[in-house]
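Q: Please find start_4.csv (CSV, C-alpha atoms and all ligand atoms) on the next line:
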chain,number,residue,atom,x,y,z
A,13,MET,CA,-105.3,-78.8,-38.1
A,14,ILE,CA,-104.2,-77.3,-41.4
A,15,MET,CA,-105.1,-73.7,-41.7
A,16,LYS,CA,-106.7,-72.8,-45.0
A,17,ASP,CA,-104.8,-70.5,-47.4
A,18,SER,CA,-105.1,-66.9,-46.1
A,19,PHE,CA,-103.7,-63.5,-45.8
A,20,SER,CA,-104.8,-61.6,-42.7
A,21,TYR,CA,-103.9,-58.6,-40.6
A,22,VAL,CA,-104.5,-57.2,-37.2
A,23,PRO,CA,-103.9,-53.6,-36.0
A,24,TYR,CA,-101.8,-53.3,-32.9
A,25,SER,CA,-100.6,-50.5,-30.7
A,26,LEU,CA,-96.9,-50.7,-29.6
A,27,ARG,CA,-96.0,-49.1,-26.3
A,28,THR,CA,-92.6,-48.0,-25.2
A,29,ASN,CA,-91.4,-48.2,-21.6
A,30,ALA,CA,-90.6,-44.5,-21.6
A,31,PRO,CA,-91.6,-41.6,-23.9
A,32,PHE,CA,-89.1,-41.3,-26.8
A,33,GLY,CA,-88.2,-37.9,-28.2
A,34,THR,CA,-86.8,-36.9,-31.6
A,35,ALA,CA,-86.8,-33.7,-33.6
A,36,HIS,CA,-90.2,-34.8,-34.8
A,37,GLY,CA,-91.7,-34.7,-31.3
A,38,VAL,CA,-92.2,-37.1,-28.3
A,39,ARG,CA,-94.3,-40.3,-28.4
A,40,SER,CA,-94.9,-43.3,-26.3
A,41,HIS,CA,-96.8,-45.5,-28.7
A,42,THR,CA,-96.8,-46.4,-32.4
A,43,GLU,CA,-99.7,-47.9,-34.3
A,44,ILE,CA,-98.6,-50.9,-36.4
A,45,MET,CA,-100.2,-53.7,-38.4
A,46,ILE,CA,-99.2,-57.4,-38.0
A,47,VAL,CA,-99.8,-59.6,-40.9
A,48,ARG,CA,-100.0,-63.4,-41.3
A,49,LEU,CA,-99.5,-65.2,-44.6
A,50,SER,CA,-100.5,-68.9,-44.7
A,51,TYR,CA,-100.6,-71.4,-47.5
A,52,ASP,CA,-99.8,-75.0,-48.1
A,53,GLY,CA,-99.9,-75.4,-44.3
A,54,ILE,CA,-97.0,-73.0,-43.6
A,55,THR,CA,-97.3,-69.6,-42.0
A,56,GLY,CA,-95.1,-66.5,-42.1
A,57,TYR,CA,-95.5,-63.2,-40.1
A,58,GLY,CA,-94.8,-59.7,-41.1
A,59,GLU,CA,-95.2,-56.2,-39.7
A,60,ALA,CA,-95.8,-52.6,-40.9
A,61,SER,CA,-94.8,-49.9,-38.5
A,62,MET,CA,-95.2,-46.3,-39.5
A,63,PRO,CA,-94.6,-43.4,-37.1
A,64,PRO,CA,-97.1,-40.6,-37.3
A,65,TYR,CA,-94.9,-38.3,-39.4
A,66,TYR,CA,-95.0,-40.9,-42.2
A,67,PRO,CA,-97.8,-40.8,-44.7
A,68,GLU,CA,-99.2,-44.3,-44.0
A,69,ASN,CA,-101.6,-45.2,-41.2
A,70,GLN,CA,-103.6,-48.3,-40.2
A,71,GLN,CA,-106.5,-47.2,-42.5
A,72,SER,CA,-104.2,-46.9,-45.6
A,73,MET,CA,-102.6,-50.2,-44.7
A,74,ALA,CA,-106.0,-51.9,-44.3
A,75,ASP,CA,-107.0,-50.5,-47.8
A,76,PHE,CA,-103.8,-51.9,-49.3
A,77,PHE,CA,-104.2,-55.3,-47.6
A,78,SER,CA,-107.8,-55.6,-48.8
A,79,LYS,CA,-106.4,-55.6,-52.4
A,80,ILE,CA,-104.1,-58.6,-51.7
A,81,ASP,CA,-105.0,-61.7,-53.6
A,82,ILE,CA,-103.6,-64.8,-51.9
A,83,GLY,CA,-103.7,-66.7,-55.2
A,84,ALA,CA,-101.4,-64.1,-56.7
A,85,ILE,CA,-99.0,-64.4,-53.8
A,86,LYS,CA,-99.0,-68.1,-54.1
A,87,ALA,CA,-98.0,-67.8,-57.7
A,88,CYS,CA,-94.9,-65.8,-56.8
A,89,ASP,CA,-92.0,-68.2,-56.8
A,90,SER,CA,-89.5,-65.7,-55.4
A,91,PRO,CA,-89.2,-62.4,-53.6
A,92,ASN,CA,-88.6,-60.5,-56.8
A,93,LEU,CA,-91.9,-61.7,-58.3
A,94,LEU,CA,-93.7,-60.7,-55.0
A,95,HIS,CA,-92.0,-57.3,-55.3
A,96,ALA,CA,-93.4,-56.9,-58.8
A,97,TYR,CA,-96.8,-58.0,-57.7
A,98,LEU,CA,-96.9,-55.6,-54.8
A,99,SER,CA,-95.7,-52.8,-57.0
A,100,SER,CA,-98.6,-53.4,-59.4
A,101,ILE,CA,-101.1,-52.8,-56.6
A,102,SER,CA,-99.9,-49.3,-55.8
A,103,GLU,CA,-97.0,-47.0,-56.1
A,104,ARG,CA,-96.5,-46.1,-52.5
A,105,ASP,CA,-97.6,-47.9,-49.3
A,106,THR,CA,-94.1,-48.9,-48.6
A,107,GLY,CA,-94.8,-50.0,-45.0
A,108,ALA,CA,-97.7,-52.1,-46.0
A,109,LYS,CA,-95.7,-53.7,-48.7
A,110,ALA,CA,-92.8,-54.4,-46.2
A,111,ALA,CA,-95.3,-56.3,-44.0
A,112,VAL,CA,-96.2,-58.6,-46.9
A,113,ASP,CA,-92.6,-58.9,-48.1
A,114,ILE,CA,-91.4,-59.9,-44.5
A,115,ALA,CA,-94.2,-62.5,-44.1
A,116,PHE,CA,-93.4,-63.9,-47.6
A,117,HIS,CA,-89.7,-64.3,-46.7
A,118,ASP,CA,-90.6,-65.8,-43.3
A,119,ARG,CA,-92.9,-68.3,-44.9
A,120,MET,CA,-90.5,-69.1,-47.7
A,121,GLY,CA,-87.7,-69.8,-45.3
A,122,LYS,CA,-89.9,-72.1,-43.2
A,123,ALA,CA,-91.0,-73.9,-46.4
A,124,GLY,CA,-87.5,-74.4,-47.6
A,125,ARG,CA,-86.0,-74.9,-44.1
A,126,TYR,CA,-83.5,-72.0,-44.3
A,127,SER,CA,-83.1,-68.6,-42.8
A,128,VAL,CA,-83.5,-65.5,-44.9
A,129,ALA,CA,-79.8,-64.8,-44.5
A,130,GLU,CA,-79.0,-68.2,-45.9
A,131,TYR,CA,-81.4,-67.7,-48.8
A,132,TYR,CA,-79.4,-64.6,-49.8
A,133,ASP,CA,-76.1,-66.3,-49.3
A,134,ILE,CA,-75.2,-64.1,-46.4
A,135,SER,CA,-72.6,-65.3,-43.8
A,136,PRO,CA,-74.0,-67.4,-41.0
A,137,ARG,CA,-72.4,-65.0,-38.5
A,138,VAL,CA,-74.9,-64.4,-35.7
A,139,TRP,CA,-73.5,-61.7,-33.4
A,140,PHE,CA,-73.6,-58.0,-34.2
A,141,ASP,CA,-72.9,-54.8,-32.4
A,142,SER,CA,-75.9,-52.6,-32.5
A,143,CYS,CA,-76.1,-49.0,-31.4
A,144,TYR,CA,-78.5,-47.9,-28.8
A,145,THR,CA,-80.5,-44.7,-29.5
A,146,ILE,CA,-80.8,-42.0,-26.9
A,147,GLY,CA,-83.9,-39.9,-27.6
A,148,VAL,CA,-84.2,-36.1,-27.2
A,149,ALA,CA,-85.0,-35.3,-23.5
A,150,PRO,CA,-83.9,-32.8,-20.8
A,151,MET,CA,-80.1,-33.1,-20.7
A,152,GLN,CA,-79.8,-34.9,-17.3
A,153,GLU,CA,-82.3,-37.5,-18.5
A,154,MET,CA,-80.2,-38.1,-21.7
A,155,ILE,CA,-77.1,-38.5,-19.5
A,156,ASN,CA,-78.8,-40.9,-17.2
A,157,ASN,CA,-80.0,-42.9,-20.3
A,158,VAL,CA,-76.4,-43.0,-21.6
A,159,LEU,CA,-75.2,-44.4,-18.3
A,160,GLU,CA,-77.7,-47.2,-18.5
A,161,VAL,CA,-76.3,-48.5,-21.8
A,162,LYS,CA,-72.6,-48.7,-21.0
A,163,ASP,CA,-72.4,-52.2,-22.6
A,164,PHE,CA,-73.4,-51.0,-26.0
A,165,LYS,CA,-70.5,-50.5,-28.4
A,166,TYR,CA,-72.1,-47.4,-30.0
A,167,ILE,CA,-74.5,-44.8,-28.9
A,168,LYS,CA,-76.7,-42.8,-31.3
A,169,ILE,CA,-77.8,-39.5,-30.0
A,170,LYS,CA,-80.9,-37.8,-31.3
A,171,LEU,CA,-80.4,-34.0,-31.6
A,172,ASN,CA,-83.0,-31.4,-32.5
A,173,GLY,CA,-81.0,-28.3,-33.3
A,174,THR,CA,-81.0,-26.9,-29.7
A,175,ASP,CA,-78.0,-27.2,-27.3
A,176,ASP,CA,-76.5,-29.8,-29.7
A,177,LEU,CA,-72.9,-29.1,-28.7
A,178,LYS,CA,-73.7,-28.9,-25.0
A,179,ILE,CA,-75.4,-32.3,-25.1
A,180,ILE,CA,-72.6,-34.0,-26.9
A,181,LYS,CA,-70.0,-32.5,-24.6
A,182,ALA,CA,-72.0,-33.5,-21.5
A,183,ILE,CA,-72.4,-37.1,-22.8
A,184,ARG,CA,-68.7,-37.3,-23.6
A,185,GLU,CA,-68.0,-36.5,-20.0
A,186,VAL,CA,-69.7,-39.7,-18.9
A,187,SER,CA,-69.0,-42.0,-21.8
A,188,ASP,CA,-66.1,-43.1,-24.0
A,189,GLN,CA,-68.4,-44.9,-26.4
A,190,PRO,CA,-68.2,-43.9,-30.1
A,191,LEU,CA,-71.1,-41.6,-30.8
A,192,TRP,CA,-73.4,-41.3,-33.8
A,193,VAL,CA,-75.5,-38.2,-34.1
A,194,ASP,CA,-79.0,-38.2,-35.7
A,195,ALA,CA,-80.3,-34.6,-36.3
A,196,ASN,CA,-83.5,-35.8,-38.0
A,197,GLN,CA,-83.4,-32.8,-40.4
A,198,SER,CA,-83.2,-30.3,-37.5
A,199,TRP,CA,-80.0,-28.4,-38.5
A,200,ILE,CA,-81.0,-25.2,-40.3
A,201,ASN,CA,-78.1,-25.1,-42.8
A,202,ALA,CA,-74.4,-25.8,-43.4
A,203,SER,CA,-73.3,-22.6,-41.6
A,204,TYR,CA,-75.0,-23.9,-38.4
A,205,ALA,CA,-73.3,-27.3,-38.9
A,206,SER,CA,-70.0,-25.5,-39.3
A,207,THR,CA,-70.2,-24.2,-35.8
A,208,LEU,CA,-70.4,-27.8,-34.5
A,209,ILE,CA,-68.4,-29.9,-36.7
A,210,ARG,CA,-64.8,-29.3,-35.4
A,211,HIS,CA,-66.0,-30.0,-31.9
A,212,PHE,CA,-67.8,-33.1,-32.9
A,213,GLU,CA,-64.6,-34.4,-34.6
A,214,GLU,CA,-62.7,-33.8,-31.4
A,215,LEU,CA,-65.4,-35.4,-29.3
A,216,GLY,CA,-65.4,-38.6,-31.3
A,217,VAL,CA,-68.6,-38.3,-33.3
A,218,GLU,CA,-68.2,-41.1,-35.9
A,219,MET,CA,-71.3,-40.5,-38.0
A,220,ILE,CA,-73.9,-37.8,-38.7
A,221,GLU,CA,-77.4,-38.8,-39.9
A,222,GLN,CA,-79.7,-36.6,-41.9
A,223,PRO,CA,-78.5,-33.2,-40.7
A,224,PHE,CA,-80.7,-31.0,-42.9
A,225,LYS,CA,-84.2,-31.0,-44.3
A,226,VAL,CA,-85.0,-33.5,-47.1
A,227,GLY,CA,-83.5,-32.2,-50.4
A,228,GLN,CA,-81.1,-29.7,-48.9
A,229,TYR,CA,-78.3,-31.3,-50.9
A,230,GLY,CA,-76.2,-28.1,-51.2
A,231,ASP,CA,-75.8,-28.0,-47.5
A,232,VAL,CA,-74.9,-31.7,-47.3
A,233,PHE,CA,-72.3,-31.1,-50.0
A,234,GLN,CA,-70.8,-28.1,-48.1
A,235,LEU,CA,-70.7,-30.0,-44.8
A,236,ALA,CA,-69.1,-33.0,-46.4
A,237,GLU,CA,-66.3,-30.8,-47.8
A,238,GLU,CA,-65.6,-29.6,-44.3
A,239,THR,CA,-65.4,-32.9,-42.5
A,240,ASP,CA,-64.4,-36.6,-42.8
A,241,ILE,CA,-67.2,-37.7,-40.5
A,242,PRO,CA,-69.4,-39.8,-42.7
A,243,ILE,CA,-72.8,-38.1,-43.5
A,244,VAL,CA,-75.7,-40.5,-43.9
A,245,ALA,CA,-79.0,-40.0,-45.6
A,246,ASP,CA,-82.1,-41.3,-43.7
A,247,GLU,CA,-85.2,-39.2,-44.5
A,248,ASP,CA,-83.6,-38.4,-47.8
A,249,CYS,CA,-83.2,-42.1,-48.7
A,250,GLN,CA,-86.4,-44.0,-49.1
A,251,ARG,CA,-86.1,-46.3,-52.1
A,252,LEU,CA,-83.6,-47.9,-54.5
A,253,ILE,CA,-84.3,-45.2,-57.0
A,254,ASP,CA,-83.0,-42.5,-54.6
A,255,ILE,CA,-79.5,-43.9,-54.3
A,256,PRO,CA,-77.6,-42.7,-57.4
A,257,LYS,CA,-78.5,-39.1,-56.8
A,258,LEU,CA,-77.7,-39.3,-53.1
A,259,SER,CA,-74.3,-40.8,-53.9
A,260,ARG,CA,-73.2,-37.4,-55.2
A,261,TYR,CA,-73.7,-35.8,-51.7
A,262,TYR,CA,-73.8,-38.4,-49.0
A,263,ASP,CA,-71.3,-40.9,-47.7
A,264,GLY,CA,-73.9,-43.4,-46.8
A,265,ILE,CA,-77.6,-44.4,-46.5
A,266,ASN,CA,-79.8,-45.6,-43.7
A,267,ILE,CA,-82.0,-48.4,-45.0
A,268,LYS,CA,-85.2,-49.2,-43.2
A,269,LEU,CA,-87.5,-52.0,-44.3
A,270,MET,CA,-90.6,-49.8,-43.7
A,271,LYS,CA,-89.3,-47.2,-46.1
A,272,CYS,CA,-88.2,-49.4,-48.9
A,273,THR,CA,-91.0,-52.1,-49.2
A,274,GLY,CA,-89.0,-54.8,-47.3
A,275,LEU,CA,-86.2,-57.2,-47.5
A,276,TYR,CA,-86.0,-57.7,-51.2
A,277,GLU,CA,-85.5,-54.1,-52.1
A,278,ALA,CA,-83.3,-53.5,-49.1
A,279,LYS,CA,-81.0,-56.2,-50.4
A,280,GLN,CA,-80.9,-54.5,-53.8
A,281,MET,CA,-80.2,-51.1,-52.1
A,282,ILE,CA,-77.2,-52.5,-50.3
A,283,ALA,CA,-75.8,-53.9,-53.5
A,284,LEU,CA,-76.3,-50.7,-55.4
A,285,ALA,CA,-74.8,-48.5,-52.6
A,286,ARG,CA,-71.7,-50.7,-52.6
A,287,THR,CA,-71.2,-50.3,-56.3
A,288,LEU,CA,-71.4,-46.5,-55.7
A,289,ASP,CA,-68.9,-46.8,-52.9
A,290,MET,CA,-71.4,-45.7,-50.2
A,291,LYS,CA,-71.5,-47.0,-46.6
A,292,VAL,CA,-74.7,-48.6,-45.4
A,293,MET,CA,-76.6,-48.5,-42.1
A,294,ILE,CA,-79.6,-50.8,-41.4
A,295,GLY,CA,-82.1,-49.0,-39.2
A,296,CYS,CA,-85.6,-49.4,-37.9
A,297,MET,CA,-88.7,-47.7,-36.7
A,298,SER,CA,-90.4,-48.6,-33.4
A,299,GLU,CA,-91.0,-52.2,-34.4
A,300,THR,CA,-91.7,-55.5,-32.8
A,301,SER,CA,-89.3,-58.5,-32.9
A,302,ILE,CA,-90.8,-59.3,-36.4
A,303,GLY,CA,-89.4,-56.2,-38.2
A,304,ILE,CA,-86.2,-56.3,-36.2
A,305,SER,CA,-85.5,-60.0,-36.7
A,306,ALA,CA,-86.2,-59.5,-40.4
A,307,ALA,CA,-83.8,-56.6,-40.8
A,308,ALA,CA,-81.2,-58.4,-38.7
A,309,GLN,CA,-81.0,-61.0,-41.5
A,310,LEU,CA,-79.1,-58.4,-43.6
A,311,ALA,CA,-76.9,-57.1,-40.8
A,312,TYR,CA,-73.8,-58.9,-42.0
A,313,LEU,CA,-73.9,-56.8,-45.2
A,314,VAL,CA,-73.8,-53.3,-43.6
A,315,ASN,CA,-71.4,-51.0,-41.9
A,316,TRP,CA,-73.7,-49.9,-39.1
A,317,VAL,CA,-76.5,-51.7,-37.3
A,318,ASP,CA,-79.2,-49.7,-35.6
A,319,LEU,CA,-81.7,-52.3,-34.6
A,320,ASP,CA,-82.8,-51.4,-31.1
A,321,GLY,CA,-86.4,-50.7,-32.0
A,322,ASN,CA,-87.9,-53.6,-30.1
A,323,MET,CA,-85.8,-53.2,-27.0
A,324,SER,CA,-87.8,-50.6,-25.2
A,325,LEU,CA,-91.2,-52.0,-25.9
A,326,SER,CA,-93.5,-53.0,-23.1
A,327,ASN,CA,-95.8,-55.2,-25.3
A,328,ASP,CA,-93.7,-56.9,-28.0
A,329,PRO,CA,-96.1,-59.8,-28.9
A,330,CYS,CA,-93.3,-62.2,-30.0
A,331,ALA,CA,-89.6,-62.9,-29.7
A,332,GLY,CA,-86.8,-63.2,-32.3
A,333,VAL,CA,-83.3,-61.6,-32.2
A,334,LYS,CA,-82.0,-61.4,-28.7
A,335,HIS,CA,-80.3,-58.3,-27.2
A,336,ILE,CA,-77.5,-59.5,-25.0
A,337,ASN,CA,-74.9,-57.3,-23.3
A,338,GLY,CA,-75.3,-54.6,-25.9
A,339,ARG,CA,-75.0,-57.0,-28.9
A,340,ILE,CA,-77.7,-58.6,-30.9
A,341,LYS,CA,-77.9,-62.3,-31.6
A,342,LEU,CA,-79.5,-63.5,-34.8
A,343,GLN,CA,-81.4,-66.7,-34.2
A,344,ASP,CA,-80.1,-69.4,-36.5
A,345,MET,CA,-83.6,-70.5,-37.5
A,346,GLU,CA,-85.8,-70.8,-40.5
A,347,GLY,CA,-87.4,-67.7,-42.0
A,348,ILE,CA,-86.8,-64.5,-40.1
A,349,GLY,CA,-86.1,-66.4,-36.9
A,350,LEU,CA,-89.1,-65.7,-34.7
A,351,THR,CA,-88.9,-67.9,-31.5
A,352,ASP,CA,-92.3,-67.3,-29.9
A,353,THR,CA,-95.3,-66.8,-32.1
A,354,ASP,CA,-98.1,-67.8,-29.6
A,355,GLY,CA,-98.6,-64.1,-28.7
A,356,LEU,CA,-99.1,-63.3,-32.4
A,357,GLU,CA,-101.6,-66.2,-32.9
A,358,ARG,CA,-103.6,-64.9,-29.9
A,359,LEU,CA,-103.9,-61.5,-31.6
A,360,PHE,CA,-105.4,-63.1,-34.7
A,361,ILE,CA,-107.8,-65.3,-32.6
A,362,GLU,CA,-109.0,-62.3,-30.6
A,363,LYS,CA,-109.7,-60.4,-33.8
A,364,SER,CA,-111.7,-63.2,-35.5
B,1,MG,MG,-82.6,-41.3,-38.5
Is it possible to express this structure as structure tokens?
A:
Amino acid sequence: MIMKDSFSYVPYSLRTNAPFGTAHGVRSHTEIMIVRLSYDGITGYGEASMPPYYPENQQSMADFFSKIDIGAIKACDSPNLLHAYLSSISERDTGAKAAVDIAFHDRMGKAGRYSVAEYYDISPRVWFDSCYTIGVAPMQEMINNVLEVKDFKYIKIKLNGTDDLKIIKAIREVSDQPLWVDANQSWINASYASTLIRHFEELGVEMIEQPFKVGQYGDVFQLAEETDIPIVADEDCQRLIDIPKLSRYYDGINIKLMKCTGLYEAKQMIALARTLDMKVMIGCMSETSIGISAAAQLAYLVNWVDLDGNMSLSNDPCAGVKHINGRIKLQDMEGIGLTDTDGLERLFIEKS
């Protein structure tokens, strides 16, 4: 049976196996939207995941999706035309746009029988080292969590401005793995960072993500003067347009599809960051295998891969990239490489 041309979406609540803590708070579920784009008998899937501290929610996404015209999407011959079309609908709604962009890429790859990586002429390499993220929790729990991910090449530790040095020291006692630190804006200023940074260098911290509040560039500059540990913008880096300014302060950027409207702009961001001599991380929110498999298509192009967002889910409705012994394996398949979409189809059937 050939499905008629359609764009549809279904709300979904992602649950994690254990509560996950960051400087923004603790949560055990994330509301997302799953989208499906079908035309000429070929279907692609996408996803919008927005944690509660971001401005979008399922209602704003539904509003955005209601403005989508399937005819206008069909008329887009390439991801850049789709990007222009989505930009014409609204200025923001980056997560909702990412969902459409991912579904478009997935469908396009299936139609042309190539993977998204192939479409962008990215190396066919399939294995990548991803970090595993340890959330903020009581110290012993963080240590136990580190002990469970010994096979990961890198560990990213979430800090929240309390006991930061104590936590990194305690983790170093049980692990030799290179450590990345994500403060999620929790460090008050460069003077506070100064009290940590020599110790962090000695303890083998290899990267620091978003130490200060958004826009606190003077403190980033001061910290960067003090250390060779690369400092990476996450909350400070949303879109392509942010990058030139950030290059004056930061060593690198963390790109997430949900922040930047999807694969097309992410690819542009990587290219621009490179011309400005910046390092690049590809990261994620709490996302299903749809968002993670999409982002993994770009993994070959970046310095740091942080795509563990689907690992700790208890209700991922599909499968894509595999996590094996601390590494991720890109599926050499069409589109974004989803391997099991029956669970997704069930969600759309239940909704209708
Ligand atoms: Mg971060």
Q: In Å, rounded to a single decimal, give me how far CA of Lys109 in chain A is from CA of Ala123 in chain A.
A: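 We find that CA of Ala123 in chain A and CA of Lys109 in chain A lie 20.9 Å from each other.
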Q: Let me see if you get this right: every residue at most 7 Å from ligand MG 1 (chain B), counting all atoms listed in the file, written as a list in words.
A: Asp194, Asn196, Glu221, Gln222, Asp246 and Glu247 of chain A
Q: Here is a test: counting all atoms listed in the file, which residue of A:Ser61, A:Thr300, A:Thr145, A:Asn156 is nearest to Ile183 in chain A?
A: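 So, comparing all the options, the nearest one is A:Asn156.
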Q: Which is closest to Glu346 in chain A among A:Arg251, A:His117, A:Lys86, A:His36, if we use only C-alpha atoms?
A: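 Among the listed residues, the smallest separation from Glu346 in chain A belongs to A:His117.
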Q: Which one of A:Ala149, A:Phe77, A:Phe164, A:Leu215 sits closest to Lys181 in chain A if you count all atoms listed in the file?
A: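 When distances to Lys181 in chain A are compared using all atoms listed in the file, the smallest one comes from A:Leu215.
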Q: Please determine, counting all atoms listed in the file, which residue among A:Asp163, A:Glu277, A:Glu103, A:Asp263 has the shortest atom-to-atom distance to Met290 in chain A.
A: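 Once distances to Met290 in chain A are computed over all atoms listed in the file, the minimum belongs to A:Asp263.
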Q: With all atoms listed in the file as the counted atoms, please give the residues lying no more than 12 Å from Glu160 in chain A, apart from itself and same-chain residues fewer than 5 positions off, as a short mmCIF file (atom, residue, chain, number, x, y, z; two decimals) with C-alpha atoms, keeping the file's coordinate frame.
A:
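Saved as around07.cif:
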data_model
loop_
_atom_site.label_atom_id
_atom_site.label_comp_id
_atom_site.auth_asym_id
_atom_site.auth_seq_id
_atom_site.Cartn_x
_atom_site.Cartn_y
_atom_site.Cartn_z
CA TYR A 144 -78.50 -47.90 -28.80
CA THR A 145 -80.50 -44.70 -29.50
CA ILE A 146 -80.80 -42.00 -26.90
CA GLU A 153 -82.30 -37.50 -18.50
CA MET A 154 -80.20 -38.10 -21.70
CA ILE A 155 -77.10 -38.50 -19.50
CA ILE A 167 -74.50 -44.80 -28.90
CA VAL A 186 -69.70 -39.70 -18.90
CA SER A 187 -69.00 -42.00 -21.80
CA ASN A 337 -74.90 -57.30 -23.30
CA GLY A 338 -75.30 -54.60 -25.90
#
Q: For a quick check of understanding, using all atoms listed in the file, which of A:Pro256, A:His211, A:Ile200, A:Ile336 has the smallest distance to Asp231 in chain A?
A: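 Distance minimum relative to Asp231 in chain A lands on A:Ile200.
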Q: Nearest to Arg104 in chain A: which of A:Ala195, A:Ala205, A:Ile348, A:Met73 is it, counting all atoms listed in the file?
A: A:Met73
Q: So how far away is CA of Ser298 in chain A from CA of His41 in chain A, in Å?
A: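 Spanning CA of His41 in chain A to CA of Ser298 in chain A is a straight-line distance of 8.5 Å.
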Q: Counting all atoms listed in the file, which residues have an atom no more than 10 Å from (-92.1, -72.2, -54.9) in the file's coordinates? Please list them as a list in words.
A: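 Here the neighbourhood of the point contains Lys86, Ala87, Cys88, Asp89, Ser90, Met120, Ala123 and Gly124 of chain A.
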Q: Which value, in Å to one decimal, gives the distance between CA of Trp139 in chain A and CA of Leu356 in chain A?
A: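 So the two atoms, CA of Trp139 in chain A and CA of Leu356 in chain A, lie 25.7 Å apart.
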Q: Need the shell around range 313-329 of chain A: protein/DNA/RNA residues with any atom at most 8 Å away, counting only C-alpha atoms. Skip same-chain ones fewer than 6 positions apart. Format as an NGL selection string?
A: :A and (26-30 or 134 or 140-145 or 282 or 291-301 or 304 or 307 or 335 or 353 or 355-356)
Q: Just the selected residues (C-alpha atoms), exported as an mmCIF file, keeping the file's coordinate frame, please.
A:
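Ended up saving to part00.cif:
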data_model
loop_
_atom_site.group_PDB
_atom_site.id
_atom_site.type_symbol
_atom_site.label_atom_id
_atom_site.label_comp_id
_atom_site.auth_asym_id
_atom_site.auth_seq_id
_atom_site.Cartn_x
_atom_site.Cartn_y
_atom_site.Cartn_z
ATOM 1 C CA LEU A 26 -96.900 -50.700 -29.600
ATOM 2 C CA ARG A 27 -96.000 -49.100 -26.300
ATOM 3 C CA THR A 28 -92.600 -48.000 -25.200
ATOM 4 C CA ASN A 29 -91.400 -48.200 -21.600
ATOM 5 C CA ALA A 30 -90.600 -44.500 -21.600
ATOM 6 C CA ILE A 134 -75.200 -64.100 -46.400
ATOM 7 C CA PHE A 140 -73.600 -58.000 -34.200
ATOM 8 C CA ASP A 141 -72.900 -54.800 -32.400
ATOM 9 C CA SER A 142 -75.900 -52.600 -32.500
ATOM 10 C CA CYS A 143 -76.100 -49.000 -31.400
ATOM 11 C CA TYR A 144 -78.500 -47.900 -28.800
ATOM 12 C CA THR A 145 -80.500 -44.700 -29.500
ATOM 13 C CA ILE A 282 -77.200 -52.500 -50.300
ATOM 14 C CA LYS A 291 -71.500 -47.000 -46.600
ATOM 15 C CA VAL A 292 -74.700 -48.600 -45.400
ATOM 16 C CA MET A 293 -76.600 -48.500 -42.100
ATOM 17 C CA ILE A 294 -79.600 -50.800 -41.400
ATOM 18 C CA GLY A 295 -82.100 -49.000 -39.200
ATOM 19 C CA CYS A 296 -85.600 -49.400 -37.900
ATOM 20 C CA MET A 297 -88.700 -47.700 -36.700
ATOM 21 C CA SER A 298 -90.400 -48.600 -33.400
ATOM 22 C CA GLU A 299 -91.000 -52.200 -34.400
ATOM 23 C CA THR A 300 -91.700 -55.500 -32.800
ATOM 24 C CA SER A 301 -89.300 -58.500 -32.900
ATOM 25 C CA ILE A 304 -86.200 -56.300 -36.200
ATOM 26 C CA ALA A 307 -83.800 -56.600 -40.800
ATOM 27 C CA HIS A 335 -80.300 -58.300 -27.200
ATOM 28 C CA THR A 353 -95.300 -66.800 -32.100
ATOM 29 C CA GLY A 355 -98.600 -64.100 -28.700
ATOM 30 C CA LEU A 356 -99.100 -63.300 -32.400
#
